[in-house]
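**Q** This is upload_16.cif, which holds mmCIF, C-alpha atoms and all ligand atoms:
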```
data_final
loop_
_atom_site.label_atom_id
_atom_site.label_comp_id
_atom_site.auth_asym_id
_atom_site.auth_seq_id
_atom_site.Cartn_x
_atom_site.Cartn_y
_atom_site.Cartn_z
CA MET A 1 33.16 -68.92 -26.17
CA ARG A 2 30.20 -71.00 -25.00
CA THR A 3 31.29 -73.77 -22.71
CA VAL A 4 29.21 -76.66 -21.45
CA PRO A 5 28.75 -76.56 -17.67
CA PRO A 6 31.02 -79.14 -16.09
CA GLY A 7 29.59 -82.08 -14.22
CA PRO A 8 30.67 -83.16 -10.76
CA ARG A 9 33.86 -84.68 -12.09
CA ALA A 10 34.82 -81.74 -14.28
CA PRO A 11 38.49 -80.89 -14.00
CA MET A 12 39.44 -78.00 -11.78
CA ILE A 13 40.94 -74.96 -13.44
CA PRO A 14 43.67 -72.79 -11.90
CA LEU A 15 42.61 -69.61 -10.11
CA GLU A 16 44.60 -67.47 -12.55
CA GLU A 17 42.73 -68.96 -15.51
CA ALA A 18 39.35 -68.26 -13.92
CA GLN A 19 40.37 -64.70 -13.07
CA ALA A 20 41.68 -64.08 -16.57
CA PHE A 21 38.46 -65.39 -18.13
CA VAL A 22 36.38 -63.02 -16.05
CA LEU A 23 38.59 -59.94 -16.41
CA ASP A 24 39.04 -60.38 -20.16
CA ALA A 25 35.26 -60.50 -20.65
CA VAL A 26 34.53 -56.95 -19.43
CA ALA A 27 35.45 -53.40 -20.41
CA PRO A 28 35.23 -50.10 -18.50
CA LEU A 29 31.78 -48.52 -18.37
CA ASP A 30 31.20 -45.71 -20.87
CA PRO A 31 32.29 -42.41 -19.37
CA GLU A 32 29.79 -39.66 -18.61
CA GLU A 33 29.65 -36.29 -16.87
CA VAL A 34 29.89 -37.10 -13.16
CA VAL A 35 28.99 -34.32 -10.72
CA LEU A 36 31.54 -33.37 -8.09
CA ASP A 37 29.44 -34.72 -5.26
CA GLU A 38 29.54 -38.21 -6.82
CA LEU A 39 33.12 -38.09 -8.00
CA LEU A 40 35.11 -39.40 -5.04
CA GLY A 41 36.82 -42.67 -6.03
CA CYS A 42 35.80 -42.39 -9.70
CA VAL A 43 38.34 -42.62 -12.50
CA ALA A 44 38.75 -39.70 -14.90
CA ALA A 45 38.11 -40.42 -18.58
CA GLY A 46 39.26 -37.14 -20.08
CA VAL A 47 41.87 -34.45 -19.64
CA VAL A 48 40.88 -31.62 -17.30
CA VAL A 49 42.94 -28.44 -17.40
CA ALA A 50 43.15 -25.50 -15.02
CA ARG A 51 40.85 -22.65 -15.97
CA GLU A 52 42.86 -20.18 -13.91
CA PRO A 53 46.08 -20.06 -11.94
CA SER A 54 46.07 -21.00 -8.27
CA PRO A 55 46.53 -18.90 -6.25
CA ARG A 56 44.49 -16.53 -8.44
CA PHE A 57 46.11 -13.45 -6.90
CA ALA A 58 49.12 -12.79 -4.68
CA ASN A 59 47.93 -13.10 -1.09
CA SER A 60 49.29 -13.18 2.41
CA SER A 61 50.15 -16.48 4.08
CA MET A 62 50.16 -14.82 7.50
CA ASP A 63 48.26 -12.39 9.64
CA GLY A 64 50.65 -9.41 9.80
CA PHE A 65 51.69 -6.31 7.93
CA ALA A 66 52.05 -5.81 4.18
CA VAL A 67 55.19 -3.75 3.58
CA ARG A 68 57.86 -2.86 1.03
CA ALA A 69 60.90 -4.99 1.86
CA ALA A 70 63.20 -2.07 0.95
CA ASP A 71 61.64 -0.02 3.80
CA THR A 72 62.65 -2.64 6.39
CA GLU A 73 66.38 -2.84 5.66
CA GLY A 74 68.46 -3.07 8.83
CA GLY A 75 65.41 -4.06 10.89
CA SER A 76 63.75 -2.25 13.80
CA VAL A 77 62.12 0.26 11.48
CA ARG A 78 58.91 2.12 12.34
CA LEU A 79 56.21 2.29 9.63
CA ARG A 80 52.86 4.12 9.51
CA ILE A 81 49.78 1.87 9.58
CA VAL A 82 47.54 3.24 6.84
CA ALA A 83 44.81 0.61 6.36
CA SER A 84 43.63 -2.97 7.00
CA VAL A 85 42.95 -5.64 4.38
CA PHE A 86 40.83 -8.64 5.30
CA ALA A 87 40.41 -11.90 3.37
CA GLY A 88 37.82 -11.26 0.69
CA ASP A 89 38.60 -7.51 0.54
CA VAL A 90 40.92 -5.49 -1.65
CA ALA A 91 43.00 -2.50 -0.50
CA THR A 92 41.51 0.72 -1.90
CA THR A 93 44.83 2.60 -2.07
CA PRO A 94 48.34 1.50 -3.00
CA LEU A 95 50.97 1.18 -0.28
CA GLY A 96 53.44 4.07 -0.21
CA GLU A 97 57.00 4.43 1.08
CA GLY A 98 57.31 4.13 4.85
CA GLU A 99 53.83 2.62 5.14
CA ALA A 100 52.41 -0.68 6.38
CA MET A 101 48.93 -2.20 6.03
CA ARG A 102 47.46 -4.68 8.45
CA ILE A 103 46.78 -7.81 6.40
CA MET A 104 45.02 -11.08 7.23
CA THR A 105 45.79 -14.53 5.87
CA GLY A 106 44.36 -14.94 2.38
CA ALA A 107 43.89 -11.19 1.75
CA PRO A 108 45.30 -9.83 -1.52
CA VAL A 109 48.71 -8.19 -1.13
CA PRO A 110 48.08 -4.48 -1.84
CA GLU A 111 49.61 -2.77 -4.82
CA GLY A 112 53.01 -1.32 -3.85
CA ALA A 113 53.67 -3.98 -1.18
CA ASP A 114 56.01 -6.89 -1.94
CA SER A 115 56.17 -8.79 1.33
CA VAL A 116 54.46 -9.47 4.63
CA CYS A 117 55.88 -9.30 8.14
CA MET A 118 54.11 -11.72 10.45
CA ARG A 119 52.15 -10.20 13.33
CA GLU A 120 54.30 -11.97 15.93
CA GLU A 121 57.42 -10.15 14.68
CA ALA A 122 55.98 -6.64 14.95
CA THR A 123 55.13 -4.29 17.84
CA VAL A 124 52.19 -1.98 17.32
CA ASP A 125 51.81 1.42 18.89
CA GLU A 126 48.04 1.97 18.71
CA HIS A 127 48.38 5.54 19.93
CA THR A 128 50.52 6.70 17.00
CA GLN A 129 49.16 4.06 14.59
CA THR A 130 52.69 2.90 13.84
CA VAL A 131 54.38 -0.47 13.87
CA VAL A 132 57.99 -1.45 14.56
CA LEU A 133 59.19 -4.53 12.67
CA HIS A 134 61.68 -6.57 14.69
CA ARG A 135 63.76 -7.50 11.65
CA ALA A 136 64.16 -6.84 7.94
CA VAL A 137 61.82 -8.85 5.72
CA ARG A 138 62.85 -10.43 2.41
CA ILE A 139 61.08 -9.56 -0.83
CA GLY A 140 58.25 -12.05 -1.26
CA GLU A 141 58.29 -13.19 2.35
CA SER A 142 54.95 -14.66 3.49
CA VAL A 143 53.40 -13.93 0.10
CA ARG A 144 51.72 -16.71 -1.86
CA ARG A 145 52.51 -16.05 -5.49
CA VAL A 146 50.09 -16.31 -8.40
CA GLY A 147 50.22 -19.80 -9.91
CA ASP A 148 52.39 -21.23 -7.10
CA ASP A 149 50.29 -24.40 -7.09
CA VAL A 150 48.66 -24.47 -10.52
CA ALA A 151 49.40 -22.57 -13.73
CA GLU A 152 46.54 -21.62 -16.04
CA GLY A 153 46.10 -24.41 -18.61
CA GLN A 154 48.02 -26.94 -16.54
CA THR A 155 46.73 -30.52 -16.68
CA LEU A 156 44.88 -31.34 -13.48
CA LEU A 157 43.54 -34.77 -14.41
CA GLU A 158 44.34 -37.33 -17.07
CA PRO A 159 42.38 -40.39 -18.15
CA GLY A 160 42.95 -43.19 -15.65
CA ASP A 161 43.56 -40.90 -12.66
CA GLU A 162 41.56 -41.83 -9.60
CA ILE A 163 39.86 -38.89 -7.95
CA GLY A 164 40.58 -38.54 -4.25
CA PRO A 165 39.45 -35.89 -1.78
CA ALA A 166 42.21 -33.39 -2.65
CA LEU A 167 41.35 -33.59 -6.37
CA VAL A 168 37.69 -33.00 -5.56
CA GLY A 169 38.89 -29.84 -3.81
CA VAL A 170 41.12 -28.81 -6.73
CA LEU A 171 38.23 -29.24 -9.20
CA ALA A 172 35.91 -27.26 -6.93
CA SER A 173 38.51 -24.49 -6.61
CA GLN A 174 38.61 -24.31 -10.41
CA GLY A 175 34.83 -23.99 -10.66
CA TYR A 176 34.25 -27.44 -12.16
CA GLU A 177 30.83 -28.82 -11.24
CA ALA A 178 31.21 -32.09 -13.16
CA VAL A 179 33.94 -33.91 -15.09
CA PHE A 180 34.03 -36.69 -17.66
CA ALA A 181 34.63 -39.92 -15.75
CA HIS A 182 33.67 -43.57 -15.59
CA PRO A 183 30.50 -43.90 -13.50
CA ARG A 184 30.53 -45.87 -10.29
CA PRO A 185 29.26 -49.38 -11.18
CA ARG A 186 25.76 -50.17 -9.89
CA VAL A 187 25.74 -53.74 -8.71
CA GLY A 188 22.70 -55.87 -7.96
CA VAL A 189 22.88 -58.55 -5.27
CA LEU A 190 20.65 -61.61 -5.23
CA SER A 191 20.48 -64.45 -2.71
CA THR A 192 19.20 -67.80 -3.89
CA GLY A 193 17.95 -70.57 -1.65
CA ASN A 194 14.67 -72.04 -0.40
CA GLU A 195 16.15 -72.07 3.10
CA LEU A 196 16.69 -68.31 3.28
CA ALA A 197 14.69 -65.87 5.37
CA GLY A 198 14.93 -62.09 5.64
CA PRO A 199 15.66 -60.29 8.89
CA SER A 200 12.05 -60.04 10.08
CA ASP A 201 10.65 -63.25 8.53
CA ALA A 202 9.49 -66.04 10.81
CA LEU A 203 12.14 -68.77 10.87
CA GLY A 204 10.47 -72.08 10.07
CA GLU A 205 12.19 -75.37 10.65
CA GLY A 206 15.24 -75.83 8.43
CA LYS A 207 15.35 -72.13 7.55
CA ILE A 208 18.25 -69.76 8.13
CA ARG A 209 18.62 -66.03 7.84
CA ASP A 210 20.25 -64.71 4.70
CA SER A 211 23.73 -63.39 5.53
CA ASN A 212 25.29 -63.33 2.05
CA ARG A 213 23.24 -60.50 0.63
CA PRO A 214 24.04 -58.17 3.55
CA SER A 215 27.74 -59.10 3.51
CA ILE A 216 28.06 -58.62 -0.25
CA LEU A 217 26.08 -55.36 -0.19
CA ALA A 218 28.46 -54.17 2.55
CA SER A 219 31.53 -55.36 0.60
CA LEU A 220 30.35 -53.39 -2.42
CA ARG A 221 29.84 -50.23 -0.41
CA ARG A 222 33.20 -50.63 1.31
CA SER A 223 34.88 -50.80 -2.10
CA GLY A 224 33.09 -47.73 -3.43
CA PHE A 225 30.46 -49.36 -5.65
CA GLU A 226 26.76 -48.62 -5.71
CA SER A 227 24.71 -51.53 -4.45
CA VAL A 228 21.18 -52.57 -5.35
CA ASP A 229 19.38 -55.12 -3.19
CA LEU A 230 17.63 -57.64 -5.45
CA GLY A 231 16.32 -59.70 -2.55
CA ILE A 232 16.01 -63.43 -1.98
CA VAL A 233 14.73 -65.85 -4.62
CA ALA A 234 13.72 -69.47 -4.26
CA ASP A 235 15.56 -72.34 -5.94
CA THR A 236 13.48 -72.32 -9.12
CA ARG A 237 14.59 -71.50 -12.64
CA ASP A 238 11.79 -68.94 -12.98
CA GLU A 239 12.51 -66.99 -9.83
CA ILE A 240 16.25 -67.01 -10.41
CA THR A 241 15.76 -65.89 -14.02
CA ARG A 242 13.44 -63.06 -12.95
CA GLY A 243 15.93 -61.95 -10.30
CA PHE A 244 18.79 -61.79 -12.79
CA GLU A 245 16.63 -60.10 -15.44
CA ARG A 246 15.68 -57.35 -13.02
CA GLY A 247 19.37 -56.96 -12.15
CA VAL A 248 20.39 -56.74 -15.82
CA PHE A 249 17.71 -54.09 -16.35
CA GLU A 250 18.70 -51.94 -13.36
CA CYS A 251 22.41 -52.56 -12.88
CA ASP A 252 25.85 -52.71 -14.49
CA ALA A 253 26.60 -56.10 -12.92
CA VAL A 254 24.75 -58.74 -10.89
CA VAL A 255 26.14 -60.92 -8.11
CA SER A 256 24.19 -63.93 -6.88
CA THR A 257 25.08 -66.39 -4.18
CA GLY A 258 24.20 -70.06 -3.88
CA GLY A 259 22.98 -72.58 -6.42
CA VAL A 260 26.19 -73.05 -8.41
CA SER A 261 27.25 -76.34 -6.93
CA VAL A 262 26.20 -79.85 -7.96
CA GLY A 263 23.05 -80.13 -5.85
CA ASP A 264 19.69 -81.00 -7.37
CA ALA A 265 18.39 -77.45 -6.79
CA ASP A 266 21.46 -75.62 -8.13
CA PHE A 267 19.90 -73.80 -11.10
CA VAL A 268 21.93 -70.59 -11.01
CA LYS A 269 24.62 -71.78 -13.39
CA SER A 270 22.15 -72.86 -16.05
CA VAL A 271 20.22 -69.58 -15.72
CA ILE A 272 23.42 -67.54 -16.14
CA GLY A 273 24.27 -69.76 -19.10
CA GLU A 274 20.92 -69.02 -20.73
CA LEU A 275 21.19 -65.29 -20.15
CA CYS A 276 24.77 -65.21 -21.45
CA PRO A 277 24.67 -67.36 -24.61
CA ASP A 278 27.93 -66.01 -26.05
CA SER A 279 30.20 -65.74 -23.04
CA PHE A 280 29.64 -68.12 -20.17
CA ARG A 281 31.57 -70.55 -18.05
CA SER A 282 30.62 -72.69 -15.11
CA MET A 283 33.86 -73.52 -13.36
CA GLN A 284 35.36 -75.67 -10.70
CA VAL A 285 38.18 -73.38 -9.62
CA ALA A 286 41.11 -75.00 -7.83
CA ILE A 287 40.59 -72.99 -4.66
CA LYS A 288 39.24 -73.60 -1.18
CA PRO A 289 36.82 -72.18 -0.27
CA GLY A 290 34.78 -71.05 -3.28
CA LYS A 291 35.40 -73.82 -5.81
CA PRO A 292 32.14 -73.72 -7.79
CA PHE A 293 31.78 -70.46 -9.69
CA ALA A 294 29.67 -69.43 -12.67
CA PHE A 295 30.24 -66.35 -14.78
CA GLY A 296 28.84 -64.91 -17.95
CA VAL A 297 28.35 -61.64 -19.78
CA THR A 298 24.92 -60.89 -21.27
CA PRO A 299 24.63 -59.72 -24.88
CA GLU A 300 24.17 -56.15 -23.47
CA GLY A 301 27.56 -56.52 -21.75
CA THR A 302 26.38 -57.00 -18.15
CA PRO A 303 28.56 -59.41 -16.16
CA LEU A 304 26.70 -61.96 -14.03
CA PHE A 305 28.51 -63.66 -11.15
CA GLY A 306 27.28 -66.87 -9.55
CA LEU A 307 29.21 -67.24 -6.31
CA ALA A 308 29.20 -70.30 -4.09
CA GLY A 309 26.64 -69.99 -1.30
CA ASN A 310 28.61 -70.77 1.82
CA PRO A 311 29.14 -67.45 3.59
CA VAL A 312 32.96 -67.52 3.63
CA SER A 313 33.11 -68.85 0.06
CA THR A 314 30.90 -65.95 -0.99
CA LEU A 315 33.27 -63.36 0.46
CA VAL A 316 36.33 -65.10 -1.00
CA GLY A 317 34.62 -65.17 -4.40
CA PHE A 318 33.87 -61.48 -4.05
CA GLU A 319 37.55 -60.71 -3.40
CA LEU A 320 38.96 -62.98 -6.11
CA PHE A 321 36.49 -62.43 -8.94
CA VAL A 322 33.91 -59.71 -8.31
CA ARG A 323 35.93 -56.84 -6.89
CA PRO A 324 38.71 -56.85 -9.53
CA THR A 325 36.10 -57.04 -12.31
CA LEU A 326 34.05 -54.18 -10.90
CA ARG A 327 37.22 -52.12 -10.60
CA LYS A 328 37.85 -52.75 -14.27
CA LEU A 329 34.28 -51.59 -15.05
CA ALA A 330 34.99 -48.49 -12.99
CA GLY A 331 38.04 -47.73 -15.14
CA HIS A 332 40.73 -48.48 -12.57
CA ARG A 333 44.17 -49.64 -13.69
CA GLN A 334 45.03 -51.23 -10.35
CA LEU A 335 42.48 -54.01 -10.06
CA ARG A 336 43.77 -56.12 -7.21
CA ARG A 337 44.13 -55.62 -3.47
CA PRO A 338 47.65 -54.82 -2.31
CA THR A 339 49.33 -58.25 -2.15
CA LEU A 340 52.72 -58.82 -0.56
CA ASP A 341 55.02 -61.28 1.13
CA MET A 342 54.48 -61.49 4.88
CA VAL A 343 56.22 -63.27 7.73
CA LEU A 344 54.16 -66.11 9.16
CA ASP A 345 54.11 -65.93 12.96
CA CYS A 346 52.05 -69.10 13.44
CA PRO A 347 51.85 -72.49 11.74
CA LEU A 348 49.57 -72.80 8.73
CA PRO A 349 48.86 -76.52 8.36
CA ARG A 350 47.13 -77.95 5.30
CA THR A 351 47.09 -81.07 3.20
CA ARG A 352 47.59 -81.55 -0.52
CA ASP A 353 44.34 -81.38 -2.47
CA GLY A 354 45.33 -79.70 -5.73
CA LYS A 355 43.85 -76.38 -4.58
CA THR A 356 45.10 -72.99 -3.54
CA HIS A 357 43.74 -72.23 -0.08
CA LEU A 358 42.57 -68.75 0.82
CA VAL A 359 42.89 -68.31 4.55
CA HIS A 360 41.56 -65.30 6.44
CA ALA A 361 44.12 -63.88 8.81
CA VAL A 362 45.13 -61.00 11.02
CA CYS A 363 48.22 -59.18 9.82
CA CYS A 364 50.00 -56.08 11.01
CA ILE A 365 53.24 -54.20 10.60
CA HIS A 366 55.97 -55.11 13.10
CA ASP A 367 59.02 -53.18 14.25
CA ASP A 368 61.13 -54.88 11.56
CA GLY A 369 59.06 -52.91 9.05
CA ARG A 370 57.47 -56.04 7.63
CA PHE A 371 53.92 -57.31 7.61
CA HIS A 372 53.47 -60.30 9.89
CA VAL A 373 50.60 -62.77 9.80
CA GLU A 374 49.84 -63.11 13.51
CA ARG A 375 46.85 -65.43 13.46
CA VAL A 376 45.02 -67.46 10.88
CA ALA A 377 41.39 -68.57 10.92
CA ARG A 378 40.27 -72.16 10.76
CA VAL A 379 39.37 -72.91 7.15
CA ALA A 380 35.75 -73.89 6.76
CA SER A 381 33.34 -72.18 4.48
CA HIS A 382 30.54 -71.79 7.04
CA LEU A 383 32.58 -70.09 9.80
CA LEU A 384 31.62 -66.51 9.09
CA HIS A 385 32.16 -65.10 12.56
CA THR A 386 35.55 -66.80 12.77
CA ILE A 387 36.82 -64.62 9.91
CA ALA A 388 34.93 -61.51 10.91
CA HIS A 389 37.90 -59.70 12.47
CA SER A 390 40.43 -60.61 9.81
CA ASN A 391 42.15 -58.01 7.66
CA ALA A 392 44.04 -60.20 5.18
CA LEU A 393 43.58 -63.22 2.97
CA VAL A 394 46.61 -65.50 2.87
CA VAL A 395 47.21 -67.35 -0.39
CA VAL A 396 48.47 -70.82 0.51
CA PRO A 397 49.73 -72.81 -2.47
CA ASP A 398 48.99 -76.52 -2.70
CA GLY A 399 51.37 -78.52 -0.52
CA ASP A 400 51.93 -79.75 3.01
CA GLY A 401 51.41 -76.46 4.80
CA LEU A 402 53.71 -73.78 6.15
CA GLY A 403 55.47 -73.22 9.43
CA THR A 404 56.25 -70.31 11.71
CA GLY A 405 58.85 -68.04 10.12
CA ASP A 406 57.94 -68.98 6.55
CA THR A 407 57.07 -66.32 4.01
CA VAL A 408 53.50 -66.20 2.72
CA ARG A 409 51.74 -64.09 0.15
CA ALA A 410 48.67 -62.29 1.40
CA MET A 411 46.12 -59.82 0.14
CA ILE A 412 45.44 -56.93 2.48
CA LEU A 413 41.67 -56.55 2.83
CA ASP A 414 41.71 -53.65 5.25
CA VAL A 415 44.72 -51.38 5.05
CA ASP A 416 43.66 -49.20 8.00
CA GLN A 417 43.44 -52.19 10.31
CA ALA A 418 46.65 -53.70 8.97
CA ALA A 419 48.56 -50.64 10.08
CA ASP A 420 46.83 -50.52 13.40
CA ARG A 421 47.59 -53.78 15.24
CA PRO A 422 44.08 -55.19 15.21
CA GLY A 423 42.51 -57.53 17.74
CA GLU A 424 42.55 -61.27 17.58
CA LEU A 425 40.50 -63.62 15.45
CA ALA A 426 37.71 -65.39 17.24
CA ASN A 427 38.42 -69.12 17.57
CA GLY A 428 41.54 -68.56 15.49
P1 LIG A 501 24.58 -73.60 -2.04
O1 LIG A 501 25.78 -73.00 -2.67
O2 LIG A 501 23.30 -72.99 -2.51
O3 LIG A 501 24.60 -75.08 -2.17
O4 LIG A 501 24.68 -73.27 -0.50
C1 LIG A 501 25.77 -73.75 0.28
C2 LIG A 501 25.57 -73.49 1.74
O5 LIG A 501 25.52 -72.08 1.96
C3 LIG A 501 24.28 -74.01 2.31
O6 LIG A 501 24.55 -74.43 3.63
C4 LIG A 501 23.37 -72.83 2.31
O7 LIG A 501 22.34 -72.91 3.25
C5 LIG A 501 24.32 -71.71 2.62
N1 LIG A 501 23.84 -70.45 2.05
C6 LIG A 501 23.49 -70.25 0.77
N2 LIG A 501 23.08 -69.00 0.58
C7 LIG A 501 23.16 -68.39 1.78
C8 LIG A 501 22.88 -67.07 2.24
N3 LIG A 501 22.42 -66.15 1.39
N4 LIG A 501 23.08 -66.77 3.54
C9 LIG A 501 23.56 -67.71 4.39
N5 LIG A 501 23.87 -68.96 4.01
C10 LIG A 501 23.66 -69.32 2.73
MG MG A 502 21.33 -73.32 -2.35
#
```
Translate the structure of the given file into structure tokens.

**A**
Amino acid sequence: MRTVPPGPRAPMIPLEEAQAFVLDAVAPLDPEEVVLDELLGCVAAGVVVAREPSPRFANSSMDGFAVRAADTEGGSVRLRIVASVFAGDVATTPLGEGEAMRIMTGAPVPEGADSVCMREEATVDEHTQTVVLHRAVRIGESVRRVGDDVAEGQTLLEPGDEIGPALVGVLASQGYEAVFAHPRPRVGVLSTGNELAGPSDALGEGKIRDSNRPSILASLRRSGFESVDLGIVADTRDEITRGFERGVFECDAVVSTGGVSVGDADFVKSVIGELCPDSFRSMQVAIKPGKPFAFGVTPEGTPLFGLAGNPVSTLVGFELFVRPTLRKLAGHRQLRRPTLDMVLDCPLPRTRDGKTHLVHAVCCIHDDGRFHVERVARVASHLLHTIAHSNALVVVPDGDGLGTGDTVRAMILDVDQAADRPGELANG
């Protein structure tokens, strides 16, 4: 599959082709035992069955009185209070005819009792240790039955299921300390560029602070991946090679930014090509921003991403290429962000250039039940703050632009904010 890196005049390839090349080149990470504490967001790789029913024993869903429903027929009956059962305890004697036991939520229903009358529907006479129930109770009332939620042997998890907070709770309730799942991908992040300085470095003339590494590390964490900071390397073959080699050694994937364009110091694509002799492509993708993009898979199976260095291009490249691929490594079936048709509430001008434009935008749900794109950011790959409050990426096909009221396709980048009527884009 080796392809010669294209020169400046290399033909552009469609976005879908570039995405397919990348996604087809990777497979889910080998599953392993993942401990419960690490499991949130992971994808199960085996079947997990219930070791015991849930609830394990019949217990009260109310604070009240455990009774025999037959004793309460007609209502307004007086019963003798013979004992109390608290959550975590067990009644020491069975319940007899004409008797009631105080019972707390979660306590086992005593032998002989078949229902619970809630405390609010009973009047206690402490003096005589009796209770009058205001009405008849039905058999089984306010009792949580054995296996109501889960039967013993029932399938709790199947391969491909994503593990959310409730499933973590279910597994804990069943005494599982670890389950067989795809591990969370560990992803190394490398910035390339002689101009780059770290947060506390002195800024010499012509230098800028590195923003790509922090924004990609944050993007990884936001999407549930483990991130490894591989630092900044200078624009030399040696340094870039060493950076990638360290990443391949420590990580499941490596993302670098910068050095994939056609400048004289753009060595990243040739380094990725050398490290990935069997599966490599340096592409000019028909998108704006983020056109230059290099990708390969090392012989050990580690994907290496060379994203364009401009800060907005970097984040677009992360969304279009890196995130879906990492989700595949993580075993997910749904690889892409939720993408849907939205109503455009502002003009979206553009000119024909043979590229799909990816435009950061603010979207939210309106009273008509539809997502509306309220504002769009100016498109320029260096305007990082301009896109900083966006929650969607509008996909604008090649053409003469779109007008207010038109329908556009957009990826939702932040579902919480999309539902929440976010603020406005700076300089939108
Ligand atoms: P390059 O892709 O290396 O040609 O870089 C394109 C533009 O992005 C240049 O203006 C770089 O200075 C800028 N750039 C590259 N890497 C970074 C980074 N890590 N942080 C901020 N800006 C960057
Ligand atoms: Mg550079």

**Q** Please measure the separation of atom CA of A:Gly273 and atom CA of A:Thr257, giving the value in Å to one decimal.

**A**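 About the pair atom CA of A:Gly273 and atom CA of A:Thr257: they are 15.3 Å apart.
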
**Q** I'd like the neighbourhood of A:Ala234 as an NGL selection string, where a residue qualifies if any of its atoms comes within 8 Å (using only C-alpha atoms), though same-chain residues fewer than 5 positions away should be ignored.

**A** :A and (192-194 or 239-240)

**Q** Using all atoms listed in the file, which protein or nucleic acid residues are at most 6 Å from ligand LIG 501 (chain A), as a PDB file with C-alpha atoms, in the frame of the given file?

**A**
```pdb
ATOM      1  CA  SER A 191      20.480 -64.450  -2.710  1.00  0.00           C
ATOM      2  CA  GLY A 193      17.950 -70.570  -1.650  1.00  0.00           C
ATOM      3  CA  ASP A 210      20.250 -64.710   4.700  1.00  0.00           C
ATOM      4  CA  SER A 211      23.730 -63.390   5.530  1.00  0.00           C
ATOM      5  CA  ASN A 212      25.290 -63.330   2.050  1.00  0.00           C
ATOM      6  CA  ARG A 213      23.240 -60.500   0.630  1.00  0.00           C
ATOM      7  CA  THR A 257      25.080 -66.390  -4.180  1.00  0.00           C
ATOM      8  CA  GLY A 258      24.200 -70.060  -3.880  1.00  0.00           C
ATOM      9  CA  GLY A 259      22.980 -72.580  -6.420  1.00  0.00           C
ATOM     10  CA  VAL A 260      26.190 -73.050  -8.410  1.00  0.00           C
ATOM     11  CA  SER A 261      27.250 -76.340  -6.930  1.00  0.00           C
ATOM     12  CA  ALA A 308      29.200 -70.300  -4.090  1.00  0.00           C
ATOM     13  CA  GLY A 309      26.640 -69.990  -1.300  1.00  0.00           C
ATOM     14  CA  ASN A 310      28.610 -70.770   1.820  1.00  0.00           C
ATOM     15  CA  PRO A 311      29.140 -67.450   3.590  1.00  0.00           C
TER      16      PRO A 311
END
```

**Q** What's the separation between atom CA of A:Ala66 and atom CA of A:Ser54, in Å to one decimal place?

**A**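 Rounded to one decimal, the two atoms are 20.5 Å apart.
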
**Q** Measuring atom to atom with all atoms listed in the file, identify which of A:Arg337, A:Arg78, A:His389, A:Arg370 is nearest to A:Ala419.

**A**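 When distances to A:Ala419 are compared using all atoms listed in the file, the smallest one comes from A:Arg370.
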
**Q** Show me as a PyMOL selection string the residues that reach within 12 Å of (35.6, -59.8, -8.2), counting all atoms listed in the file and using the file's own coordinates.

**A** chain A and resi 18-23+26+187+216+219-220+223+225+253-255+293+295+303-307+314-329+335-337

**Q** Quick check, in Å to one decimal: how far apart do atom CA of A:Ala286 and atom CA of A:His357 lie?

**A**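 Separation between atom CA of A:Ala286 and atom CA of A:His357: 8.6 Å.
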
**Q** Out of A:Glu195, A:Val179, A:Arg119, A:Ser60, which residue has the shortest atom-to-atom distance to A:Val143 when counting all atoms listed in the file?

**A** A:Ser60

**Q** Compare A:Gly403, A:Pro277, A:Gly140, A:Pro55 by their minimum atom-to-atom distance to A:Val170, counting only C-alpha atoms, and give me the closest one.

**A**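 The closest residue to A:Val170 is A:Pro55.
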
**Q** Given all atoms listed in the file as the basis, pick out the residue of A:Arg350, A:Arg135, A:His366, A:His360 nearest to A:Gly399.

**A**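 Smallest separation from A:Gly399 among the options: A:Arg350.
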
**Q** Name the residues, using the chain letters and numbers of the file, that sit within 8 Å of (42.6, 1.4, 4.3) when counting all atoms listed in the file, and give them as a ChimeraX atom specification.

**A** /A:82-85,91-93,101

**Q** Tell me which of A:Ala151, A:Ile208, A:Leu344, A:Leu402 sits closest to ligand MG 502 (chain A), counting all atoms listed in the file.

**A**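 Closest candidate: A:Ile208.
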
**Q** Could you pull the residues within 9 Å of A:Asp71, counting all atoms listed in the file, minus those fewer than 5 positions along the same chain, as a list of chain:residue names?

**A**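 My reading of the contact set: A:Val77, A:Leu79, A:Glu97, A:Gly98, A:Glu99, A:Ala136.
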
**Q** Using C-alpha atoms, can you write the selected residues to a file as a CSV table (one decimal), in the coordinates of the input?

**A**
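Below is the file that was written, result_29.csv:
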```
chain,number,residue,atom,x,y,z
A,77,VAL,CA,62.1,0.3,11.5
A,79,LEU,CA,56.2,2.3,9.6
A,97,GLU,CA,57.0,4.4,1.1
A,98,GLY,CA,57.3,4.1,4.8
A,99,GLU,CA,53.8,2.6,5.1
A,136,ALA,CA,64.2,-6.8,7.9
```

**Q** Find the residue from A:Ala113, A:Ala50, A:Leu40, A:Ile232 that sits nearest to A:Gly198; use all atoms listed in the file when measuring.

**A** A:Ile232

**Q** At most 9 Å is the cut-off: for each residue in stretch 108-189 of chain A with any atom that close to an atom of stretch 245-251 of chain A, write down the nearest atom pair and the distance in Å rounded to one decimal, counting all atoms listed in the file, chain first then increasing number, as a tab-separated table.

**A**
```
residue	atom	partner	partner_atom	distance
A:Pro185	CA	A:Cys251	CA	7.7
A:Arg186	CA	A:Cys251	CA	5.1
A:Val187	CA	A:Cys251	CA	5.5
A:Gly188	CA	A:Gly247	CA	5.5
A:Val189	CA	A:Gly247	CA	7.9
```

**Q** Quick one: 8 Å padding each side, axis-aligned, all listed atoms of stretch 399-406 of chain A - centre and edge lengths in Å to one decimal, as JSON?

**A**
```
{"center_x": 55.1, "center_y": -73.9, "center_z": 5.6, "size_x": 23.5, "size_y": 27.7, "size_z": 28.2}
```
